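The structure file my_file14.csv is reproduced below (CSV, C-alpha atoms).
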chain,number,residue,atom,x,y,z
A,1109,MET,CA,11.7,3.1,13.2
A,1110,LEU,CA,9.2,4.9,11.1
A,1111,SER,CA,6.1,3.2,10.0
A,1112,PHE,CA,3.0,4.0,8.0
A,1113,THR,CA,0.2,5.1,10.3
A,1114,GLY,CA,-3.2,6.8,10.1
A,1115,GLU,CA,-5.9,7.3,7.5
A,1116,HIS,CA,-5.6,10.0,4.9
A,1117,THR,CA,-8.0,11.1,2.1
A,1118,GLN,CA,-6.2,12.3,-1.1
A,1119,LYS,CA,-7.4,13.1,-4.6
A,1120,VAL,CA,-6.2,11.6,-7.8
A,1121,ASP,CA,-6.8,13.7,-11.0
A,1122,SER,CA,-7.6,12.5,-14.5
A,1123,LYS,CA,-3.9,12.2,-15.4
A,1124,GLY,CA,-3.3,9.9,-12.4
A,1125,ARG,CA,-1.4,12.5,-10.3
A,1126,MET,CA,-1.9,12.1,-6.6
A,1127,SER,CA,-0.2,13.4,-3.5
A,1128,ILE,CA,1.3,10.9,-1.0
A,1129,PRO,CA,0.5,11.9,2.6
A,1130,ALA,CA,3.3,13.9,4.1
A,1131,ASP,CA,4.1,11.5,6.9
A,1132,PHE,CA,4.0,8.6,4.5
A,1133,ARG,CA,6.7,10.4,2.4
A,1134,ARG,CA,9.0,10.5,5.4
A,1135,VAL,CA,8.6,6.7,5.7
A,1136,LEU,CA,9.3,6.3,2.0
A,1137,GLU,CA,12.4,8.5,2.3
A,1138,ALA,CA,13.7,6.5,5.3
A,1139,GLY,CA,13.0,3.2,3.5
A,1140,ASP,CA,14.8,4.1,0.2
A,1141,PRO,CA,18.5,3.3,0.5
A,1142,ASP,CA,19.3,5.7,-2.5
A,1143,TRP,CA,17.3,8.6,-1.1
A,1144,ALA,CA,19.1,11.8,0.1
A,1145,PRO,CA,17.9,15.3,0.7
A,1146,GLY,CA,17.0,16.9,-2.6
A,1147,LEU,CA,16.2,13.5,-4.3
A,1148,SER,CA,12.9,12.0,-4.8
A,1149,PRO,CA,12.0,8.8,-2.8
A,1150,ARG,CA,10.8,5.8,-4.6
A,1151,MET,CA,8.1,3.3,-3.7
A,1152,PHE,CA,6.6,0.1,-4.9
A,1153,LEU,CA,2.9,-0.2,-5.7
A,1154,LEU,CA,1.5,-3.7,-5.5
A,1155,TYR,CA,-1.6,-4.4,-7.5
A,1156,GLY,CA,-1.7,-8.2,-7.6
A,1157,ASP,CA,-4.8,-10.1,-8.5
A,1158,HIS,CA,-5.1,-11.2,-4.8
A,1159,LEU,CA,-5.9,-7.6,-3.9
A,1160,LYS,CA,-9.5,-7.2,-4.9
A,1161,ASN,CA,-10.4,-3.6,-4.2
A,1162,GLU,CA,-7.1,-2.1,-2.9
A,1163,LEU,CA,-3.5,-1.5,-3.7
A,1164,HIS,CA,-0.5,-1.8,-1.4
A,1165,GLY,CA,2.4,0.7,-1.1
A,1166,TYR,CA,5.8,-0.4,0.1
A,1167,THR,CA,9.1,1.3,0.8
A,1168,VAL,CA,12.0,0.1,-1.4
A,1169,ASP,CA,13.5,-1.7,1.7
A,1170,GLU,CA,10.2,-3.5,2.7
A,1171,PHE,CA,9.5,-4.6,-0.9
A,1172,ASN,CA,13.0,-5.9,-1.2
A,1173,LYS,CA,12.6,-7.9,2.0
A,1174,VAL,CA,9.5,-9.6,0.4
A,1175,VAL,CA,11.3,-10.2,-2.9
A,1176,THR,CA,14.2,-11.8,-0.9
A,1177,GLN,CA,11.8,-14.1,0.8
A,1178,ILE,CA,10.2,-15.2,-2.5
A,1179,ASN,CA,13.6,-15.7,-4.1
A,1180,ALA,CA,14.7,-17.9,-1.2
A,1181,LEU,CA,11.9,-20.4,-2.0
A,1182,PRO,CA,12.9,-23.6,-4.0
A,1183,ARG,CA,13.6,-22.9,-7.6
A,1184,GLY,CA,10.7,-24.1,-9.8
A,1185,SER,CA,8.4,-24.6,-6.9
A,1186,ASP,CA,4.7,-23.9,-7.5
A,1187,ARG,CA,4.7,-21.6,-4.5
A,1188,LYS,CA,7.6,-19.6,-5.8
A,1189,LYS,CA,6.0,-19.2,-9.2
A,1190,LYS,CA,2.7,-18.1,-7.8
A,1191,LEU,CA,4.2,-15.6,-5.4
A,1192,SER,CA,6.6,-14.3,-8.0
A,1193,ARG,CA,3.7,-13.6,-10.4
A,1194,LEU,CA,1.4,-12.1,-7.8
A,1195,ILE,CA,4.0,-9.9,-5.9
A,1196,ILE,CA,7.0,-9.3,-8.2
A,1197,GLY,CA,5.2,-9.4,-11.5
A,1198,GLN,CA,2.2,-7.4,-10.4
A,1199,SER,CA,4.0,-4.4,-8.9
A,1200,ILE,CA,5.5,-1.2,-10.2
A,1201,LYS,CA,8.1,1.2,-9.0
A,1202,LEU,CA,7.0,4.8,-8.7
A,1203,ASP,CA,9.0,8.0,-8.0
A,1204,VAL,CA,7.6,10.6,-5.7
A,1205,ASP,CA,8.4,14.1,-6.9
A,1206,LYS,CA,9.7,17.1,-4.8
A,1207,ASP,CA,6.0,18.2,-4.2
A,1208,GLY,CA,5.1,14.7,-2.8
A,1209,ARG,CA,3.2,13.6,-5.9
A,1210,THR,CA,3.4,10.5,-8.0
A,1211,VAL,CA,1.4,9.3,-11.0
A,1212,MET,CA,-0.7,6.2,-10.6
A,1213,PRO,CA,-1.1,4.5,-14.0
A,1214,ILE,CA,-4.6,4.1,-15.5
A,1215,LYS,CA,-4.5,0.3,-15.1
A,1216,GLN,CA,-4.1,0.6,-11.3
A,1217,ARG,CA,-6.7,3.3,-11.1
A,1218,GLN,CA,-9.2,1.2,-13.0
A,1219,LYS,CA,-8.6,-1.7,-10.7
A,1220,LEU,CA,-9.8,0.5,-7.9
A,1221,GLY,CA,-12.7,1.7,-10.0
A,1222,VAL,CA,-11.6,5.3,-10.1
A,1223,THR,CA,-10.0,7.3,-12.9
A,1224,GLU,CA,-10.2,10.5,-10.8
A,1225,GLY,CA,-11.6,11.4,-7.4
A,1226,GLU,CA,-11.0,10.6,-3.8
A,1227,LEU,CA,-8.7,7.9,-2.5
A,1228,GLN,CA,-8.3,6.6,1.0
A,1229,PHE,CA,-4.8,5.9,2.3
A,1230,SER,CA,-4.5,3.6,5.3
A,1231,GLY,CA,-1.3,3.0,7.1
A,1232,LEU,CA,-0.6,-0.6,8.3
A,1233,GLY,CA,2.9,-0.3,9.7
A,1234,ASP,CA,5.2,-1.9,7.1
A,1235,HIS,CA,3.0,-0.9,4.2
A,1236,PHE,CA,-0.1,1.1,3.3
A,1237,GLU,CA,-3.3,0.5,1.5
A,1238,ILE,CA,-4.9,2.7,-1.2
A,1239,TRP,CA,-8.7,2.4,-1.7
A,1240,LYS,CA,-11.4,4.2,-3.6
A,1241,ALA,CA,-12.8,6.3,-0.7
A,1242,GLU,CA,-16.3,5.0,-0.9
A,1243,THR,CA,-15.2,1.3,-1.1
A,1244,TYR,CA,-13.0,1.8,2.0
A,1245,SER,CA,-15.9,3.2,4.0
A,1246,ALA,CA,-18.2,0.4,2.9
A,1247,GLU,CA,-15.8,-2.5,3.3
A,1248,ILE,CA,-13.3,-1.6,6.0
A,1249,ALA,CA,-14.8,1.0,8.3
A,1250,ASP,CA,-18.2,-0.9,8.4
A,1251,ASP,CA,-16.4,-4.2,9.0
A,1252,LEU,CA,-14.3,-2.9,11.8
A,1253,ASN,CA,-17.3,-1.2,13.5
A,1254,ASP,CA,-19.3,-4.4,13.3
A,1255,TRP,CA,-16.4,-6.4,14.8
A,1256,LEU,CA,-15.9,-3.9,17.6
A,1257,ALA,CA,-19.6,-3.9,18.4
A,1258,ALA,CA,-19.5,-7.7,18.8
A,1259,GLN,CA,-16.6,-7.5,21.3
A,1260,GLY,CA,-18.7,-5.8,24.0
A,1261,ASP,CA,-18.1,-2.8,26.2
A,1262,GLY,CA,-14.7,-2.1,27.5
A,1263,PHE,CA,-12.9,-4.3,24.9
A,1264,ASP,CA,-9.2,-3.3,24.5
A,1265,PRO,CA,-7.9,-4.6,21.1
A,1266,LEU,CA,-4.3,-4.5,22.5
A,1267,ILE,CA,-5.2,-7.6,24.5
A,1268,LEU,CA,-5.0,-9.6,21.2
A,1269,LEU,CA,-1.2,-9.0,21.2
A,1270,ASP,CA,-1.0,-11.2,24.3
A,1271,GLU,CA,-2.5,-14.3,22.6
Could you show the structure in this file as structure tokens?
Amino acid sequence: MLSFTGEHTQKVDSKGRMSIPADFRRVLEAGDPDWAPGLSPRMFLLYGDHLKNELHGYTVDEFNKVVTQINALPRGSDRKKKLSRLIIGQSIKLDVDKDGRTVMPIKQRQKLGVTEGELQFSGLGDHFEIWKAETYSAEIADDLNDWLAAQGDGFDPLILLDE
């Protein structure tokens, strides 16, 4: 099973065009039930208000799993309404062209605080994050380094899987 892995720096231009990292494109292809060689894979970009400085990218299959879980909640429940608004209502479907590029609308670029410049893509298995490169360094990299330093010498983060 393919998953989103690694960190990649990509550029977005003033028209919102950006390249999706090549290995992320393979995951998007595998996770799009309508994709076939010669066709463009699709993806979902989540920009909900709960995501302060980042956006999340999902394959069609993964996003549909989340939507199915939301739709299974009791009709009219407050939880279903809130999740529907944050996840389903605040997401867009994007096509990735034959060159591996897509266009991020201005609203989503402004949310990140970038109309053009460098973006940081970070794979998290079933989805990936997109950050303004400077924000990623300040918020995520520094936070992880501080946390690792507090763990002491010889710490193996895989031990957390056994808890």
Contacts of Thr1176 (chain A) at 12 Å or less, counting all atoms listed in the file, minus same-chain residues fewer than 4 places along, as a ChimeraX atom specification? /A:1169-1172,1180-1181,1188,1191-1192,1195-1196
Have a look at CA of Asn1161 (chain A) and CA of Phe1263 (chain A) and let me know their distance in Å, one decimal.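 Here the two named atoms are 29.2 Å from each other.
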Excluding Val1135 (chain A) and residues on its chain fewer than 4 positions from it, collect all residues at most 12 Å away from it, counting only C-alpha atoms, and give them as a compact mmCIF listing (two decimals) with C-alpha atoms, in the coordinates of the input.
# COMPACT_ATOMS: atom_id res chain seq x y z
CA MET A 1109 11.70 3.10 13.20
CA LEU A 1110 9.20 4.90 11.10
CA SER A 1111 6.10 3.20 10.00
CA PHE A 1112 3.00 4.00 8.00
CA THR A 1113 0.20 5.10 10.30
CA ILE A 1128 1.30 10.90 -1.00
CA PRO A 1129 0.50 11.90 2.60
CA ALA A 1130 3.30 13.90 4.10
CA ASP A 1131 4.10 11.50 6.90
CA GLY A 1139 13.00 3.20 3.50
CA ASP A 1140 14.80 4.10 0.20
CA PRO A 1141 18.50 3.30 0.50
CA TRP A 1143 17.30 8.60 -1.10
CA PRO A 1149 12.00 8.80 -2.80
CA ARG A 1150 10.80 5.80 -4.60
CA MET A 1151 8.10 3.30 -3.70
CA GLY A 1165 2.40 0.70 -1.10
CA TYR A 1166 5.80 -0.40 0.10
CA THR A 1167 9.10 1.30 0.80
CA VAL A 1168 12.00 0.10 -1.40
CA ASP A 1169 13.50 -1.70 1.70
CA GLU A 1170 10.20 -3.50 2.70
CA GLY A 1231 -1.30 3.00 7.10
CA GLY A 1233 2.90 -0.30 9.70
CA ASP A 1234 5.20 -1.90 7.10
CA HIS A 1235 3.00 -0.90 4.20
CA PHE A 1236 -0.10 1.10 3.30
Within 9 Å of region 1145-1147 of chain A using all atoms listed in the file, minus same-chain residues under 3 positions, as number ranges by chain: A: 1137, 1142, 1205-1206
Could you tell me which of A:Leu1269, A:Ile1238, A:Leu1153, A:Leu1227 comes closest to Ile1200 (chain A) if we count all atoms listed in the file? A:Leu1153
Which is closer to Lys1160 (chain A) than all the others in A:Gln1218, A:Gln1259, A:Ser1245, A:Asn1253, using all atoms listed in the file? A:Gln1218
So the first atom is CA of Lys1173 (chain A) and the second is CA of Lys1119 (chain A); what is the distance between them in Å, to one decimal place?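 CA of Lys1119 (chain A) lies at a distance of 29.7 Å from CA of Lys1173 (chain A).
Of the listed residues (A:Lys1240, A:Phe1132, A:Gly1124, A:Glu1226), A:Gly1124 comes nearest to Met1212 (chain A); the distances count all atoms listed in the file.
Taking CA of Gln1228 (chain A) as the reference point, CA of Glu1115 (chain A) is found at 7.0 Å.
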So, with all atoms listed in the file as the atoms that count, which of A:Pro1265, A:Gly1260, A:Gly1197, A:Gly1208 lies closest to Gln1118 (chain A)?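 Ranking A:Pro1265, A:Gly1260, A:Gly1197, A:Gly1208 by distance to Gln1118 (chain A), first place goes to A:Gly1208.
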Using all atoms listed in the file, determine which residues lie at most 7 Å from Ser1122 (chain A), disregarding the query and same-chain residues fewer than 2 positions distant; provide the list as an MDAnalysis selection string. chainID A and resid 1120 1124 1223:1224
Counting only C-alpha atoms, which of A:Asp1121, A:Glu1271, A:Glu1242, A:Asp1203 gets nearest to Leu1136 (chain A)?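 With only C-alpha atoms as the atom set, the closest residue is A:Asp1203.
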Polymer residues at most 8 Å from Glu1162 (chain A), all atoms listed in the file, same-chain spacing of 6 or more positions, as a tab-separated table (two decimals) with C-alpha atoms, in the coordinates of the input:
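See out.tsv below for the written result:
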chain	number	residue	atom	x	y	z
A	1155	TYR	CA	-1.60	-4.40	-7.50
A	1219	LYS	CA	-8.60	-1.70	-10.70
A	1220	LEU	CA	-9.80	0.50	-7.90
A	1237	GLU	CA	-3.30	0.50	1.50
A	1238	ILE	CA	-4.90	2.70	-1.20
A	1239	TRP	CA	-8.70	2.40	-1.70
A	1240	LYS	CA	-11.40	4.20	-3.60
Smallest atom-to-atom distance to Arg1133 (chain A): which of A:Ser1230, A:Asn1179, A:Thr1243, A:Ser1148, using all atoms listed in the file?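 Between A:Ser1230, A:Asn1179, A:Thr1243, A:Ser1148, the residue approaching Arg1133 (chain A) most closely is A:Ser1148.
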Report the centre and edge lengths, in Å to one decimal, of an axis-aligned box enclosing every atom of region 1236-1239 of chain A listed in the file, padded by 6 Å on each side, as lines of an AutoDock Vina configuration file.
center_x = -4.4
center_y = 1.6
center_z = 0.8
size_x = 20.6
size_y = 14.2
size_z = 17.0
